[in-house]
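Student: Sharing coords15.cif here; it has mmCIF, C-alpha atoms.
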data_protein
#
loop_
_atom_site.label_atom_id
_atom_site.label_comp_id
_atom_site.auth_asym_id
_atom_site.auth_seq_id
_atom_site.Cartn_x
_atom_site.Cartn_y
_atom_site.Cartn_z
CA MET A 1 1.05 75.22 -1.80
CA ILE A 2 1.46 77.43 1.28
CA ASN A 3 -1.13 80.22 1.17
CA LYS A 4 0.79 83.41 2.02
CA PRO A 5 1.64 86.33 -0.34
CA PHE A 6 5.15 86.51 1.16
CA GLN A 7 6.94 84.27 3.62
CA LEU A 8 10.38 84.77 5.14
CA CYS A 9 12.42 81.56 5.05
CA LEU A 10 15.19 82.37 7.53
CA GLY A 11 18.03 79.87 7.32
CA ALA A 12 18.69 77.12 4.81
CA GLU A 13 16.68 74.51 6.71
CA THR A 14 13.52 76.63 6.77
CA PHE A 15 13.98 77.39 3.08
CA MET A 16 14.45 73.75 2.11
CA LEU A 17 11.47 72.53 4.14
CA SER A 18 9.27 75.12 2.42
CA LEU A 19 10.71 74.28 -1.00
CA GLU A 20 10.12 70.56 -0.47
CA LYS A 21 6.40 71.21 0.03
CA ASP A 22 6.19 73.35 -3.09
CA ALA A 23 8.27 70.91 -5.15
CA ALA A 24 5.95 68.05 -4.24
CA SER A 25 2.93 69.91 -5.63
CA ALA A 26 4.54 71.48 -8.73
CA GLN A 27 3.05 70.08 -11.93
CA GLU A 28 4.42 71.93 -14.94
CA SER A 29 7.82 73.46 -14.22
CA PHE A 30 10.48 73.59 -11.50
CA TYR A 31 13.34 75.99 -12.19
CA VAL A 32 16.34 76.65 -9.91
CA GLN A 33 19.24 79.06 -10.37
CA ALA A 34 22.31 79.56 -8.17
CA MET A 35 25.87 80.80 -8.44
CA THR A 36 27.25 77.98 -6.27
CA PHE A 37 26.28 74.32 -6.50
CA GLU A 38 28.39 71.57 -4.92
CA GLY A 39 28.19 67.79 -4.60
CA ASP A 40 27.71 67.76 -0.84
CA SER A 41 24.65 67.30 1.37
CA ALA A 42 23.18 70.63 0.23
CA GLY A 43 23.47 69.84 -3.47
CA GLU A 44 22.28 66.27 -2.93
CA ARG A 45 19.20 67.49 -1.08
CA LEU A 46 18.25 69.82 -3.92
CA ILE A 47 18.68 67.18 -6.62
CA LYS A 48 16.69 64.65 -4.58
CA LEU A 49 13.67 66.92 -4.26
CA MET A 50 13.92 67.90 -7.95
CA ILE A 51 13.99 64.24 -8.98
CA GLU A 52 11.02 63.44 -6.75
CA SER A 53 8.97 66.43 -7.88
CA PRO A 54 6.14 65.57 -10.34
CA ALA A 55 6.91 68.71 -12.40
CA LYS A 56 7.35 67.88 -16.09
CA ASP A 57 9.98 70.50 -16.93
CA LYS A 58 12.87 70.60 -14.43
CA ARG A 59 15.89 72.81 -15.02
CA LEU A 60 18.93 73.94 -13.03
CA ILE A 61 21.11 76.93 -13.96
CA ILE A 62 24.56 77.08 -12.36
CA ASP A 63 27.06 79.85 -12.90
CA SER A 64 30.39 78.65 -14.30
CA PHE A 65 31.94 79.83 -11.03
CA SER A 66 31.12 76.36 -9.69
CA ARG A 67 33.30 74.74 -12.36
CA TYR A 68 36.33 76.53 -10.94
CA VAL A 69 35.64 77.17 -7.24
CA VAL A 70 34.52 74.48 -4.78
CA SER A 71 34.32 75.09 -1.02
CA ASP A 72 35.96 78.50 -1.59
CA HIS A 73 39.06 76.90 -3.17
CA PHE A 74 40.11 77.07 -6.80
CA VAL A 75 39.75 73.72 -8.53
CA PHE A 76 43.10 74.20 -10.24
CA GLY A 77 44.89 75.43 -7.12
CA SER A 78 47.16 73.86 -4.55
CA ALA A 79 44.24 72.41 -2.56
CA TYR A 80 43.51 70.03 -5.44
CA LEU A 81 47.01 68.59 -5.29
CA LYS A 82 47.26 68.43 -1.49
CA ASP A 83 43.78 67.38 -0.38
CA ARG A 84 42.23 64.07 -1.44
CA SER A 85 38.90 64.99 0.14
CA PHE A 86 38.81 68.15 -1.97
CA ARG A 87 39.38 66.14 -5.16
CA ASP A 88 36.64 63.76 -4.06
CA GLU A 89 34.21 66.65 -3.55
CA ILE A 90 34.88 67.93 -7.06
CA ALA A 91 34.23 64.44 -8.42
CA ARG A 92 31.02 64.18 -6.39
CA THR A 93 29.81 67.50 -7.81
CA TYR A 94 30.10 66.27 -11.40
CA ALA A 95 28.66 62.89 -10.48
CA LEU A 96 25.65 64.61 -8.92
CA ILE A 97 25.12 66.71 -12.04
CA ASP A 98 25.28 63.53 -14.15
CA LYS A 99 22.71 61.92 -11.85
CA ALA A 100 20.42 64.93 -12.25
CA ARG A 101 20.62 64.72 -16.03
CA GLN A 102 19.97 60.98 -15.99
CA HIS A 103 16.73 61.68 -14.12
CA GLY A 104 15.49 64.21 -16.64
CA ILE A 105 16.75 67.43 -15.04
CA GLN A 106 18.29 69.79 -17.57
CA VAL A 107 21.47 71.40 -16.20
CA HIS A 108 23.01 74.46 -17.84
CA PHE A 109 26.21 76.32 -16.89
CA VAL A 110 26.18 80.03 -17.78
CA ASN A 111 28.83 82.75 -18.10
CA PRO A 112 31.89 80.77 -19.27
CA VAL A 113 35.14 82.21 -17.94
CA GLY A 114 36.90 82.04 -21.30
CA PRO A 115 40.56 81.27 -22.06
CA PHE A 116 42.89 81.63 -19.07
CA MET A 117 39.80 82.58 -16.97
CA LEU A 118 40.00 86.14 -18.31
CA ARG A 119 36.24 86.64 -17.90
CA TYR A 120 36.12 85.28 -14.37
CA PRO A 121 34.65 88.46 -12.77
CA LEU A 122 31.59 88.30 -15.06
CA ARG A 123 29.36 86.13 -12.90
CA ASN A 124 25.63 85.51 -12.86
CA HIS A 125 25.03 86.04 -9.16
CA LYS A 126 21.28 85.32 -9.10
CA LYS A 127 19.69 82.92 -6.63
CA LEU A 128 16.10 82.03 -7.40
CA VAL A 129 13.52 79.28 -7.60
CA VAL A 130 10.25 79.42 -9.54
CA LEU A 131 7.62 76.68 -9.70
CA ASP A 132 4.79 76.51 -12.26
CA GLY A 133 5.16 80.26 -12.80
CA LYS A 134 3.13 80.66 -9.59
CA VAL A 135 5.56 80.49 -6.66
CA ASN A 136 8.99 82.09 -6.46
CA TYR A 137 11.86 82.31 -4.00
CA LEU A 138 14.33 85.21 -4.07
CA GLY A 139 17.28 85.85 -1.76
CA GLY A 140 20.87 84.84 -1.20
CA ILE A 141 21.09 81.10 -0.54
CA ASN A 142 23.38 78.93 -2.67
CA PHE A 143 23.48 75.14 -2.67
CA SER A 144 26.61 74.18 -0.77
CA GLU A 145 27.23 73.14 2.83
CA HIS A 146 29.28 76.20 3.75
CA ASN A 147 26.57 78.47 2.30
CA PHE A 148 23.91 76.55 4.22
CA GLU A 149 25.88 77.14 7.44
CA TRP A 150 25.87 80.93 7.01
CA LEU A 151 22.82 82.80 8.26
CA ASP A 152 20.83 83.77 5.17
CA PHE A 153 17.28 83.90 3.87
CA MET A 154 15.02 83.42 0.89
CA ILE A 155 11.65 85.14 0.63
CA ARG A 156 8.85 83.07 -0.82
CA GLY A 157 6.24 84.85 -2.94
CA GLU A 158 3.17 83.55 -4.69
CA GLU A 159 1.84 86.53 -6.60
CA GLN A 160 1.49 85.14 -10.10
CA ALA A 161 2.56 88.28 -11.97
CA LEU A 162 5.82 88.40 -10.00
CA SER A 163 6.42 84.67 -10.38
CA GLN A 164 5.85 84.92 -14.13
CA SER A 165 8.44 87.70 -14.38
CA VAL A 166 10.94 85.59 -12.43
CA LYS A 167 10.19 82.64 -14.72
CA GLU A 168 10.69 84.80 -17.82
CA ASP A 169 14.05 85.96 -16.51
CA PHE A 170 15.13 82.39 -15.80
CA LEU A 171 14.24 81.37 -19.36
CA ALA A 172 16.05 84.43 -20.75
CA THR A 173 19.18 83.43 -18.82
CA TRP A 174 18.77 79.88 -20.14
CA GLN A 175 18.87 81.31 -23.67
CA GLY A 176 21.98 83.37 -22.91
CA VAL A 177 20.20 86.72 -22.52
CA ASN A 178 21.31 88.91 -19.62
CA GLN A 179 18.32 91.13 -18.98
CA SER A 180 18.60 94.74 -17.90
CA ALA A 181 15.17 95.96 -16.87
CA VAL A 182 12.93 97.55 -14.25
CA LYS A 183 9.48 95.98 -14.06
CA GLU A 184 6.62 97.48 -12.06
CA ILE A 185 4.47 94.65 -10.72
CA GLY A 186 1.65 95.83 -8.50
CA HIS A 187 3.17 97.25 -5.30
CA HIS A 188 6.57 95.79 -6.19
CA THR A 189 9.42 96.69 -8.52
CA LEU A 190 11.63 93.97 -9.97
CA PHE A 191 15.17 94.95 -10.94
CA LEU A 192 17.11 92.78 -13.38
CA THR A 193 20.63 94.13 -13.62
CA ASN A 194 23.60 93.33 -15.83
CA GLY A 195 26.66 94.97 -14.35
CA ILE A 196 27.73 98.30 -15.84
CA ASN A 197 25.17 97.88 -18.63
CA SER A 198 22.49 98.53 -16.00
CA LYS A 199 23.69 101.92 -14.84
CA GLU A 200 20.24 103.48 -15.36
CA GLU A 201 18.51 100.62 -13.54
CA HIS A 202 20.90 101.00 -10.61
CA GLU A 203 20.18 104.73 -10.47
CA ILE A 204 16.44 104.04 -10.24
CA LEU A 205 17.10 101.61 -7.40
CA PHE A 206 19.45 104.02 -5.60
CA ASN A 207 16.92 106.85 -5.92
CA THR A 208 14.65 104.98 -3.52
CA ILE A 209 17.41 105.15 -0.93
CA LYS A 210 18.30 108.78 -1.72
CA LYS A 211 14.70 109.76 -0.99
CA ALA A 212 14.84 108.43 2.57
CA LYS A 213 13.33 110.81 5.12
CA ARG A 214 14.08 109.14 8.46
CA ASN A 215 16.29 106.06 8.37
CA VAL A 216 18.11 103.51 6.24
CA ILE A 217 19.10 100.10 7.58
CA ILE A 218 21.42 97.91 5.49
CA VAL A 219 22.30 94.27 6.12
CA SER A 220 25.22 93.12 3.96
CA PRO A 221 28.66 91.51 4.33
CA TYR A 222 30.25 93.28 1.35
CA LEU A 223 28.76 96.78 1.12
CA SER A 224 30.93 99.13 -0.95
CA ASN A 225 30.70 101.83 -3.62
CA PRO A 226 28.77 103.22 -5.35
CA LEU A 227 26.04 102.69 -2.75
CA LEU A 228 28.42 103.30 0.15
CA SER A 229 29.42 106.67 -1.27
CA LEU A 230 25.75 107.55 -1.78
CA LEU A 231 25.00 106.78 1.86
CA LYS A 232 27.83 108.99 3.10
CA ASN A 233 27.39 111.93 0.74
CA ARG A 234 23.92 112.02 -0.81
CA LEU A 235 21.52 111.52 2.09
CA SER A 236 20.16 114.27 4.31
CA LYS A 237 22.00 114.61 7.62
CA GLU A 238 18.62 114.08 9.29
CA VAL A 239 18.53 110.49 8.00
CA THR A 240 20.06 107.93 10.34
CA ILE A 241 22.06 105.17 8.64
CA ASP A 242 22.71 101.81 10.27
CA VAL A 243 24.76 99.01 8.71
CA ILE A 244 24.80 95.48 10.10
CA THR A 245 27.85 93.56 8.92
CA PRO A 246 29.65 90.35 10.02
CA ALA A 247 32.29 90.57 12.74
CA GLU A 248 34.12 87.66 11.05
CA ASN A 249 33.82 88.44 7.35
CA ASN A 250 35.09 85.82 4.91
CA LYS A 251 36.40 88.67 2.73
CA GLY A 252 38.80 90.67 4.83
CA LEU A 253 39.16 93.51 2.34
CA PHE A 254 35.47 94.42 2.64
CA ALA A 255 35.61 94.03 6.42
CA ASN A 256 38.47 96.56 6.55
CA LEU A 257 36.58 98.92 4.26
CA MET A 258 33.54 98.82 6.52
CA ARG A 259 35.57 99.49 9.65
CA SER A 260 37.20 102.43 7.92
CA THR A 261 33.80 103.79 6.88
CA LEU A 262 32.30 103.36 10.33
CA SER A 263 35.23 105.16 11.90
CA GLU A 264 34.20 108.32 9.98
CA GLY A 265 31.06 108.55 12.11
CA ARG A 266 28.37 109.29 9.49
CA ILE A 267 27.19 105.68 9.49
CA SER A 268 26.42 103.67 12.62
CA GLY A 269 27.75 100.12 12.49
CA TRP A 270 26.76 96.87 14.13
CA LEU A 271 29.18 93.92 14.09
CA PHE A 272 27.22 90.68 14.17
CA PRO A 273 29.05 87.65 15.64
CA GLY A 274 30.42 85.25 13.03
CA MET A 275 29.63 85.35 9.31
CA PHE A 276 26.31 85.86 7.56
CA HIS A 277 25.32 86.08 3.89
CA MET A 278 22.08 88.10 4.09
CA LYS A 279 21.58 91.30 2.11
CA CYS A 280 18.71 93.75 2.26
CA VAL A 281 17.96 97.46 2.61
CA LEU A 282 15.09 98.89 4.65
CA VAL A 283 14.12 102.51 3.92
CA ASP A 284 11.97 104.51 6.35
CA ASP A 285 10.53 101.25 7.72
CA ASN A 286 8.17 101.06 4.73
CA THR A 287 10.24 99.96 1.73
CA LEU A 288 12.26 96.75 1.57
CA ILE A 289 14.91 95.97 -1.04
CA PHE A 290 16.25 92.41 -1.17
CA GLY A 291 17.57 89.79 -3.56
CA SER A 292 20.91 88.47 -4.75
CA SER A 293 22.90 91.72 -4.81
CA ASN A 294 25.49 92.39 -2.12
CA PHE A 295 25.30 96.12 -3.00
CA ASP A 296 29.02 96.04 -3.73
CA LEU A 297 31.23 97.28 -6.54
CA ILE A 298 31.68 93.79 -8.05
CA SER A 299 27.94 93.48 -8.49
CA TYR A 300 27.61 97.01 -9.86
CA TYR A 301 30.29 96.62 -12.52
CA PHE A 302 30.22 92.96 -13.51
CA GLU A 303 27.39 90.73 -12.30
CA GLN A 304 23.82 89.82 -13.20
CA GLU A 305 21.47 90.24 -10.24
CA ILE A 306 17.78 89.99 -9.38
CA VAL A 307 16.44 92.39 -6.75
CA LEU A 308 12.92 93.15 -5.54
CA LYS A 309 11.66 96.38 -4.02
CA THR A 310 8.41 96.00 -2.11
CA LYS A 311 6.17 97.99 0.21
CA ASN A 312 4.42 94.88 1.52
CA GLN A 313 4.11 95.67 5.21
CA ASN A 314 3.63 92.06 6.30
CA ILE A 315 7.01 90.91 5.01
CA ILE A 316 8.67 94.11 6.27
CA ALA A 317 7.28 93.51 9.76
CA GLU A 318 8.39 89.86 9.65
CA LEU A 319 11.90 90.75 8.51
CA LYS A 320 12.24 93.42 11.23
CA LYS A 321 11.03 91.00 13.89
CA LYS A 322 13.04 87.95 12.82
CA VAL A 323 16.16 89.48 11.26
CA ILE A 324 16.93 93.12 12.04
CA GLU A 325 15.86 93.30 15.69
CA PRO A 326 17.51 90.00 16.77
CA MET A 327 20.68 90.89 14.86
CA THR A 328 21.06 94.28 16.53
CA GLU A 329 20.44 92.66 19.92
CA LYS A 330 23.30 90.21 19.35
CA ALA A 331 25.59 92.63 17.52
CA VAL A 332 28.22 94.89 19.06
CA ARG A 333 27.97 98.61 18.29
CA TYR A 334 31.13 99.74 16.52
CA HIS A 335 33.10 102.46 18.28
CA ALA A 336 36.34 103.82 16.86
CA GLU A 337 38.68 106.09 18.78
CA ASN A 338 40.46 107.23 15.63
CA THR A 339 39.57 107.51 11.95
CA ILE A 340 40.91 104.54 10.02
CA PRO A 341 42.03 105.18 6.41
CA PRO A 342 40.36 103.00 3.76
CA PRO A 343 42.49 100.07 2.59
CA TRP A 344 44.46 101.07 -0.49
CA GLN A 345 43.46 97.82 -2.21
CA ILE A 346 39.85 99.02 -2.40
CA GLY A 347 40.82 102.08 -4.41
CA ALA A 348 42.89 99.96 -6.79
CA LEU A 349 40.07 97.41 -7.13
CA GLU A 350 37.51 100.11 -7.87
CA MET A 351 39.73 101.69 -10.51
CA PHE A 352 40.19 98.28 -12.14
CA CYS A 353 36.43 97.67 -12.10
CA LYS A 354 35.68 101.01 -13.73
CA LEU A 355 38.19 100.53 -16.53
CA ALA A 356 37.73 96.81 -17.16
CA SER A 357 33.93 96.88 -17.12
CA LYS A 358 33.92 99.39 -19.96
CA SER A 359 36.41 97.47 -22.09
CA ILE A 360 37.75 93.91 -21.82
CA LEU A 361 35.32 92.86 -19.08
CA ARG A 362 32.12 94.55 -20.16
CA PRO A 363 29.20 92.21 -19.41
CA LYS A 364 27.48 90.59 -22.35
CA LYS A 365 24.55 92.73 -23.47
CA SER A 366 21.02 91.47 -23.87
CA ALA A 367 20.23 89.91 -27.22
#
Go ahead and express the file in the form of structure tokens.
Tutor:
Amino acid sequence: MINKPFQLCLGAETFMLSLEKDAASAQESFYVQAMTFEGDSAGERLIKLMIESPAKDKRLIIDSFSRYVVSDHFVFGSAYLKDRSFRDEIARTYALIDKARQHGIQVHFVNPVGPFMLRYPLRNHKKLVVLDGKVNYLGGINFSEHNFEWLDFMIRGEEQALSQSVKEDFLATWQGVNQSAVKEIGHHTLFLTNGINSKEEHEILFNTIKKAKRNVIIVSPYLSNPLLSLLKNRLSKEVTIDVITPAENNKGLFANLMRSTLSEGRISGWLFPGMFHMKCVLVDDNTLIFGSSNFDLISYYFEQEIVLKTKNQNIIAELKKKVIEPMTEKAVRYHAENTIPPPWQIGALEMFCKLASKSILRPKKSA
């Protein structure tokens, strides 16, 4: 296996080439978890390398989101009736899962949406890979062609204590346990969050950002409260705040929210051409926070996430050199002549999240 404590895999192709090498040398276990899995070239490539891997225990966790949404369209929506190619892709997804099972890969869907899809917001949003409890990948890449096309990254780690913790979380999820925990692992902190049930864990994570002395840089397409409010109101005025966000966001509501926020002037914004799916926070150039969370209100109230905080200077330097600096060079600095009011839909959505997460849509607690 590749001999580096941390390695930035920028882009799906770099990630898959690295994973193929690790998969070929895995002996005991090969575990993969994603929110999105589709029967296209991305899904086929994953299943092929899992089948070919000599690992004895091979498992794939997919969130039930992928039973109902394919290529960003609802399975039971108008696209199914109108588009033959869409129906074929749905069929290919289930055929690929059957193929995986026939070759000894255990496949498990988590977080059922319930009758009438009433529990649809309660997603397991984690993206991770762990092999032999020795090598792990954490980040934001799902297994579908449109996700592979977006600029994103996974960070490969091979510290055994961290990989074991990732493996334990995978197995907990397999058993239906949504962990809510903060684990100190050497110079790293692993956050396992479970929506509103992880309010304390989120506060610990946010405290790292609140303690910033010089600067905070955030890369995310969907940044919103409560972190957005913290950035605007809880940080010292001496701290500079920069947010890099897509110029062509696939979720217009969050794009409008960000433009409204940037127009206030407290936060400096950079609009990166096209769409990206990366998410990370860099605090004072010495603390990196990354993982599956978009740092948005949906994650905070409803979703299971896995996030790592690290002070490893090698991976911080690599991420600055390969992600943050090139993105700011290509991005356009946001300038607003007038303050733009926040979209009213955001306020309504946040109110719904607060109320629903404490009642009918409270995430399932750990066993």
Student: Could you list, as a PyMOL selection string, every residue matched by the PyMOL selection byres ((chain A and resi 348-357) around 10) in this structure?
Tutor: chain A and resi 121-122+195-197+224-226+297-298+300-302+343-347+358-363
Student: Find the residues around Asn312 of chain A up to 9 Å (all atoms listed in the file counted), leave out those fewer than 4 positions away in its own chain, and share them as an MDAnalysis selection string.
Tutor: chainID A and resid 6 187:188 286:288 316:317
Student: Those selected residues, please, written with C-alpha atoms and delivered as a compact mmCIF listing (two decimals), keeping the file's coordinate frame.
Tutor:
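Wrote out21.txt, looks like this:
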# COMPACT_ATOMS: atom_id res chain seq x y z
CA PHE A 6 5.15 86.51 1.16
CA HIS A 187 3.17 97.25 -5.30
CA HIS A 188 6.57 95.79 -6.19
CA ASN A 286 8.17 101.06 4.73
CA THR A 287 10.24 99.96 1.73
CA LEU A 288 12.26 96.75 1.57
CA ILE A 316 8.67 94.11 6.27
CA ALA A 317 7.28 93.51 9.76
Student: Measuring atom to atom with all atoms listed in the file, identify which of A:Val219, A:Leu81, A:Leu262, A:Ile61 is nearest to Ala172 of chain A.
Tutor: A:Ile61
Student: Under the PyMOL selection byres ((chain A and resi 55) around 7), which residues of this model are included? Write them out as a list in words.
Tutor: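 Checking the PyMOL selection byres ((chain A and resi 55) around 7) against this file, the residues are Ala26, Gln27, Glu28, Ser29, Phe30, Ser53, Pro54, Lys56, Asp57 and Lys58 of chain A.
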Student: Can you find the residues with an atom no farther than 12 Å from (11.4, 67.9, -0.3), counting all atoms listed in the file, and report them as a PyMOL selection string?
Tutor: chain A and resi 13-26+44-54
Student: May I have the residues at most 9 Å from (31.7, 82.9, 9.5) in the file's coordinates, counting only C-alpha atoms, as a PyMOL selection string?
Tutor: chain A and resi 149-151+246-250+273-276
